[in-house]
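Here is the file upload06.cif (mmCIF, C-alpha atoms).
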data_my_file
#
loop_
_atom_site.label_atom_id
_atom_site.label_comp_id
_atom_site.auth_asym_id
_atom_site.auth_seq_id
_atom_site.Cartn_x
_atom_site.Cartn_y
_atom_site.Cartn_z
CA MET T 1 -28.69 46.28 -49.83
CA ARG T 2 -29.51 48.26 -46.77
CA ARG T 3 -27.77 47.41 -43.47
CA VAL T 4 -29.96 46.77 -40.50
CA PRO T 5 -28.69 48.54 -37.40
CA GLU T 6 -27.14 46.12 -34.95
CA PHE T 7 -29.65 46.79 -32.17
CA ARG T 8 -32.49 45.69 -34.50
CA ARG T 9 -30.95 42.41 -35.65
CA PRO T 10 -32.68 39.35 -34.28
CA ARG T 11 -30.57 37.62 -31.64
CA ARG T 12 -29.86 33.95 -31.65
CA GLN T 13 -31.49 32.40 -28.70
CA THR T 14 -29.10 30.58 -26.43
CA ARG T 15 -30.78 27.97 -24.37
CA GLY T 16 -29.57 27.20 -20.85
CA PHE T 17 -30.58 24.43 -18.52
CA THR T 18 -34.06 24.58 -17.11
CA LEU T 19 -34.75 24.18 -13.44
CA ILE T 20 -36.32 20.77 -14.07
CA GLU T 21 -33.23 19.51 -15.89
CA ILE T 22 -30.99 20.65 -13.04
CA LEU T 23 -33.28 18.99 -10.48
CA VAL T 24 -33.22 15.72 -12.43
CA VAL T 25 -29.41 15.72 -12.41
CA VAL T 26 -29.33 16.49 -8.67
CA VAL T 27 -31.77 13.63 -7.96
CA ILE T 28 -29.70 11.20 -10.05
CA LEU T 29 -26.51 12.23 -8.22
CA GLY T 30 -28.32 11.82 -4.90
CA ILE T 31 -29.44 8.31 -5.80
CA LEU T 32 -25.91 7.35 -6.87
CA ALA T 33 -24.50 8.77 -3.62
CA MET T 34 -27.03 6.76 -1.58
CA ILE T 35 -25.84 3.58 -3.31
CA VAL T 36 -22.08 4.18 -3.45
CA VAL T 37 -21.27 6.00 -0.18
CA PRO T 38 -22.49 3.26 2.20
CA ARG T 39 -20.44 0.66 0.35
CA VAL T 40 -17.31 2.79 0.52
CA MET T 41 -17.87 3.74 4.15
CA GLU T 42 -18.28 0.10 5.18
CA GLU T 43 -14.67 -0.71 4.38
CA PRO T 44 -12.35 2.20 5.19
CA GLY T 45 -9.86 -0.27 6.68
CA ARG T 46 -9.60 -2.12 3.38
CA ALA T 47 -9.03 1.17 1.56
CA ARG T 48 -6.16 1.99 3.93
CA VAL T 49 -4.58 -1.41 3.29
CA VAL T 50 -4.81 -0.85 -0.47
CA ARG T 51 -3.23 2.59 -0.10
CA ALA T 52 -0.41 1.15 2.02
CA ARG T 53 0.29 -1.48 -0.66
CA GLN T 54 0.40 1.22 -3.35
CA ASP T 55 2.74 3.38 -1.26
CA ILE T 56 5.04 0.42 -0.63
CA ALA T 57 5.13 -0.42 -4.36
CA SER T 58 6.10 3.20 -5.13
CA VAL T 59 8.85 3.20 -2.51
CA VAL T 60 10.23 -0.12 -3.77
CA ALA T 61 10.27 1.26 -7.33
CA ALA T 62 12.20 4.31 -6.09
CA LEU T 63 14.64 2.01 -4.25
CA ASN T 64 15.20 -0.02 -7.42
CA ILE T 65 16.03 3.14 -9.38
CA TYR T 66 18.35 4.21 -6.53
CA LYS T 67 20.15 0.87 -6.87
CA LEU T 68 20.43 1.22 -10.65
CA ASP T 69 22.08 4.63 -10.19
CA ASN T 70 24.29 3.79 -7.20
CA PHE T 71 24.84 0.01 -7.60
CA VAL T 72 23.58 -0.77 -4.06
CA TYR T 73 20.48 -0.18 -1.96
CA PRO T 74 20.77 2.23 0.96
CA THR T 75 21.60 0.52 4.25
CA THR T 76 18.99 0.07 6.96
CA GLU T 77 20.72 2.88 8.87
CA GLN T 78 20.54 5.24 5.87
CA GLY T 79 16.91 4.23 5.52
CA LEU T 80 14.26 5.60 3.22
CA ASP T 81 15.59 9.12 3.85
CA ALA T 82 18.24 8.24 1.24
CA LEU T 83 15.51 8.67 -1.38
CA VAL T 84 14.93 12.27 -0.28
CA THR T 85 18.35 13.54 0.87
CA LYS T 86 21.83 12.34 -0.06
CA PRO T 87 22.86 9.72 2.47
CA ALA T 88 26.00 10.04 4.56
CA GLY T 89 28.31 7.16 5.37
CA GLN T 90 29.00 3.95 3.57
CA PRO T 91 28.14 2.83 1.00
CA GLU T 92 28.46 6.13 -0.79
CA ALA T 93 25.93 7.17 -3.41
CA PRO T 94 28.09 8.54 -6.25
CA ASN T 95 25.16 9.09 -8.63
CA TRP T 96 22.59 10.13 -6.05
CA SER T 97 19.52 12.08 -7.08
CA GLN T 98 16.30 12.71 -5.22
CA ARG T 99 13.78 9.94 -5.88
CA LEU T 100 10.88 11.04 -3.62
CA ASP T 101 9.59 14.45 -2.55
CA ARG T 102 9.21 13.19 1.00
CA VAL T 103 9.27 9.90 2.85
CA PRO T 104 5.62 8.84 3.03
CA LYS T 105 3.84 7.72 6.17
CA ASP T 106 1.45 4.82 6.16
CA PRO T 107 -2.32 5.52 6.15
CA TRP T 108 -2.35 5.27 9.96
CA GLY T 109 0.32 7.96 10.35
CA HIS T 110 3.27 5.66 11.16
CA PRO T 111 6.55 5.68 9.23
CA TYR T 112 7.15 2.85 6.79
CA GLN T 113 9.81 0.41 7.93
CA TYR T 114 12.84 -0.44 5.80
CA GLN T 115 15.44 -3.20 6.04
CA HIS T 116 18.39 -4.01 3.81
CA PRO T 117 19.14 -6.84 3.60
CA GLY T 118 15.56 -7.87 4.16
CA GLN T 119 14.21 -11.08 5.65
CA HIS T 120 12.03 -11.67 2.58
CA GLY T 121 14.26 -10.34 -0.21
CA ASP T 122 16.98 -7.81 -0.98
CA VAL T 123 14.90 -5.12 0.70
CA ASP T 124 11.86 -5.17 2.91
CA VAL T 125 9.53 -2.17 2.97
CA PHE T 126 6.58 -2.61 5.28
CA SER T 127 4.00 -1.13 7.60
CA TYR T 128 2.99 -2.58 10.94
CA GLY T 129 -0.64 -1.78 10.13
CA ALA T 130 -3.22 0.09 12.20
CA ASP T 131 -1.74 -0.76 15.61
CA GLY T 132 1.85 0.18 14.67
CA LYS T 133 3.16 -3.06 16.22
CA PRO T 134 4.60 -6.21 14.63
CA GLY T 135 2.11 -8.97 13.90
CA GLY T 136 -1.61 -8.58 14.23
CA GLU T 137 -4.66 -9.53 12.23
CA GLY T 138 -7.06 -7.73 9.94
CA GLU T 139 -6.32 -4.02 9.69
CA ALA T 140 -3.56 -4.41 12.30
CA ALA T 141 -1.67 -7.02 10.21
CA ASP T 142 1.74 -6.23 8.78
CA ILE T 143 1.77 -5.19 5.12
CA GLY T 144 4.98 -5.58 3.16
CA ASN T 145 6.44 -5.71 -0.32
CA TRP T 146 6.84 -9.49 0.01
CA ASP T 147 3.08 -10.11 -0.12
CA GLN T 148 2.27 -8.03 -3.17
#

As structure tokens:
Amino acid sequence: MRRVPEFRRPRRQTRGFTLIEILVVVVILGILAMIVVPRVMEEPGRARVVRARQDIASVVAALNIYKLDNFVYPTTEQGLDALVTKPAGQPEAPNWSQRLDRVPKDPWGHPYQYQHPGQHGDVDVFSYGADGKPGGEGEAADIGNWDQ
């Protein structure tokens, strides 16, 4: 059997996308964007509230692990910083370890509030909402771990 030189062998044809196929995909994506984007853009305030609730749930979970390790929650004075750096003062944290990379801010750029003991439970973690002040309605309403 005689070997055919490599440059004379027939090549397998690899087929790419045609311009029409690419245009069809771009049109479909455009149609989806026209439908989805206005709905999302109508309610950015609601999205911020949802994010705040998720942040608060994460912080409360970190506080619960802190309590399991150290037998008590950090005091109001020690605050949420106790989840990032070892707290000073009493009560001591004998088994302290870092629970968060950083203390998060709410979606409006304000720090989350923390109280121990809380008015609604062992701990209260909350945001004052868009206005950064207690009370309010709508996007400016307080959001806390007690209403989750």

Using all atoms listed in the file, which residues of stretch 14-63 of chain T come within 12 Å of stretch 68-74 of chain T, and what is the closest atom pair for each, with the distance in Å to one decimal? Give it as a Markdown table, sorted by chain and residue number.
| residue | atom | partner | partner_atom | distance |
| --- | --- | --- | --- | --- |
| T:Val60 | CA | T:Tyr73 | CA | 10.4 |
| T:Ala61 | CA | T:Leu68 | CA | 10.7 |
| T:Ala62 | CA | T:Leu68 | CA | 9.9 |
| T:Leu63 | CA | T:Tyr73 | CA | 6.6 |

### Explicit residues for the PyMOL selection byres ((chain T and resi 115-118) around 10) (as a PyMOL selection string)
chain T and resi 72-80+113-114+119-126+146

### Query
When you draw a straight line from atom CA of T:Met34 to atom CA of T:Arg46, how long is it in Å?
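Value for the atom CA of T:Met34-atom CA of T:Arg46 distance: 20.2 Å.
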
### Task
List the residues matched by the PyMOL selection byres ((chain T and resi 95-100) around 7) in the displayed structure as an MDAnalysis selection string, ordered by chain and then by residue number.
chainID T and resid 62 69:70 83:86 93:94 101:103

### Task
In Å, rounded to a single decimal, give me how far atom CA of T:Gly136 is from atom CA of T:Gly109.
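Taking atom CA of T:Gly109 as the start and atom CA of T:Gly136 as the end point, the length is 17.1 Å.
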
### Query
Written as a PyMOL selection string, what is the full residue list that the PyMOL selection byres ((chain T and resi 143) around 9) yields on the file shown?
chain T and resi 49+52-53+56+125-129+140-142+144-148

#### Entry: Between atom CA of T:Tyr112 and atom CA of T:Asp131 - distance in Å to one decimal
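Result for atom CA of T:Asp131 versus atom CA of T:Tyr112: 13.0 Å, one decimal.
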
### Task
Between T:Arg51, T:Lys67, T:Arg15, T:Arg39, single out the one closest to T:Lys105, counting only C-alpha atoms.
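Using only C-alpha atoms, T:Lys105 sits closest to T:Arg51.
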
### Task
Using all atoms listed in the file, find the one residue out of T:Gly138, T:Pro107, T:Gly132, T:Gly89 that sits nearest to T:Ala47.
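For T:Ala47, the nearest of the given residues is T:Pro107.
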
Have stretch 108-129 of chain T completed to N, CA and C atoms, please, and pass it along as a PDB file, keeping the file's coordinate frame.
ATOM      1  N   TRP T 108      -2.035   5.101   8.532  1.00  0.00           N
ATOM      2  CA  TRP T 108      -2.350   5.270   9.960  1.00  0.00           C
ATOM      3  C   TRP T 108      -1.424   6.273  10.613  1.00  0.00           C
ATOM      4  N   GLY T 109      -0.558   6.917   9.829  1.00  0.00           N
ATOM      5  CA  GLY T 109       0.320   7.960  10.350  1.00  0.00           C
ATOM      6  C   GLY T 109       1.657   7.484  10.871  1.00  0.00           C
ATOM      7  N   HIS T 110       1.988   6.207  10.698  1.00  0.00           N
ATOM      8  CA  HIS T 110       3.270   5.660  11.160  1.00  0.00           C
ATOM      9  C   HIS T 110       4.275   5.661  10.006  1.00  0.00           C
ATOM     10  N   PRO T 111       5.560   5.760  10.311  1.00  0.00           N
ATOM     11  CA  PRO T 111       6.550   5.680   9.230  1.00  0.00           C
ATOM     12  C   PRO T 111       6.638   4.263   8.668  1.00  0.00           C
ATOM     13  N   TYR T 112       6.905   4.158   7.379  1.00  0.00           N
ATOM     14  CA  TYR T 112       7.150   2.850   6.790  1.00  0.00           C
ATOM     15  C   TYR T 112       8.502   2.340   7.285  1.00  0.00           C
ATOM     16  N   GLN T 113       8.585   1.050   7.461  1.00  0.00           N
ATOM     17  CA  GLN T 113       9.810   0.410   7.930  1.00  0.00           C
ATOM     18  C   GLN T 113      10.622  -0.047   6.728  1.00  0.00           C
ATOM     19  N   TYR T 114      11.955  -0.051   6.895  1.00  0.00           N
ATOM     20  CA  TYR T 114      12.840  -0.440   5.800  1.00  0.00           C
ATOM     21  C   TYR T 114      13.980  -1.282   6.362  1.00  0.00           C
ATOM     22  N   GLN T 115      14.300  -2.364   5.671  1.00  0.00           N
ATOM     23  CA  GLN T 115      15.440  -3.200   6.040  1.00  0.00           C
ATOM     24  C   GLN T 115      16.193  -3.624   4.791  1.00  0.00           C
ATOM     25  N   HIS T 116      17.514  -3.490   4.860  1.00  0.00           N
ATOM     26  CA  HIS T 116      18.390  -4.010   3.810  1.00  0.00           C
ATOM     27  C   HIS T 116      19.616  -4.599   4.480  1.00  0.00           C
ATOM     28  N   PRO T 117      19.907  -5.853   4.342  1.00  0.00           N
ATOM     29  CA  PRO T 117      19.140  -6.840   3.600  1.00  0.00           C
ATOM     30  C   PRO T 117      17.860  -7.198   4.337  1.00  0.00           C
ATOM     31  N   GLY T 118      16.849  -7.549   3.574  1.00  0.00           N
ATOM     32  CA  GLY T 118      15.560  -7.870   4.160  1.00  0.00           C
ATOM     33  C   GLY T 118      15.457  -9.346   4.519  1.00  0.00           C
ATOM     34  N   GLN T 119      14.460  -9.687   5.292  1.00  0.00           N
ATOM     35  CA  GLN T 119      14.210 -11.080   5.650  1.00  0.00           C
ATOM     36  C   GLN T 119      13.489 -11.820   4.521  1.00  0.00           C
ATOM     37  N   HIS T 120      12.834 -11.069   3.645  1.00  0.00           N
ATOM     38  CA  HIS T 120      12.030 -11.670   2.580  1.00  0.00           C
ATOM     39  C   HIS T 120      12.610 -11.447   1.189  1.00  0.00           C
ATOM     40  N   GLY T 121      13.657 -10.660   1.088  1.00  0.00           N
ATOM     41  CA  GLY T 121      14.260 -10.340  -0.210  1.00  0.00           C
ATOM     42  C   GLY T 121      15.421  -9.389  -0.002  1.00  0.00           C
ATOM     43  N   ASP T 122      15.873  -8.774  -1.098  1.00  0.00           N
ATOM     44  CA  ASP T 122      16.980  -7.810  -0.980  1.00  0.00           C
ATOM     45  C   ASP T 122      16.612  -6.673  -0.041  1.00  0.00           C
ATOM     46  N   VAL T 123      15.390  -6.179  -0.190  1.00  0.00           N
ATOM     47  CA  VAL T 123      14.900  -5.120   0.700  1.00  0.00           C
ATOM     48  C   VAL T 123      13.507  -5.462   1.171  1.00  0.00           C
ATOM     49  N   ASP T 124      13.212  -5.052   2.374  1.00  0.00           N
ATOM     50  CA  ASP T 124      11.860  -5.170   2.910  1.00  0.00           C
ATOM     51  C   ASP T 124      11.362  -3.773   3.217  1.00  0.00           C
ATOM     52  N   VAL T 125      10.224  -3.417   2.654  1.00  0.00           N
ATOM     53  CA  VAL T 125       9.530  -2.170   2.970  1.00  0.00           C
ATOM     54  C   VAL T 125       8.173  -2.592   3.484  1.00  0.00           C
ATOM     55  N   PHE T 126       7.819  -2.116   4.692  1.00  0.00           N
ATOM     56  CA  PHE T 126       6.580  -2.610   5.280  1.00  0.00           C
ATOM     57  C   PHE T 126       5.997  -1.633   6.279  1.00  0.00           C
ATOM     58  N   SER T 127       4.736  -1.873   6.587  1.00  0.00           N
ATOM     59  CA  SER T 127       4.000  -1.130   7.600  1.00  0.00           C
ATOM     60  C   SER T 127       3.528  -2.131   8.635  1.00  0.00           C
ATOM     61  N   TYR T 128       3.497  -1.714   9.886  1.00  0.00           N
ATOM     62  CA  TYR T 128       2.990  -2.580  10.940  1.00  0.00           C
ATOM     63  C   TYR T 128       1.469  -2.550  11.025  1.00  0.00           C
ATOM     64  N   GLY T 129       0.816  -1.814  10.154  1.00  0.00           N
ATOM     65  CA  GLY T 129      -0.640  -1.780  10.130  1.00  0.00           C
ATOM     66  C   GLY T 129      -1.205  -0.769  11.113  1.00  0.00           C
TER      67      GLY T 129
END
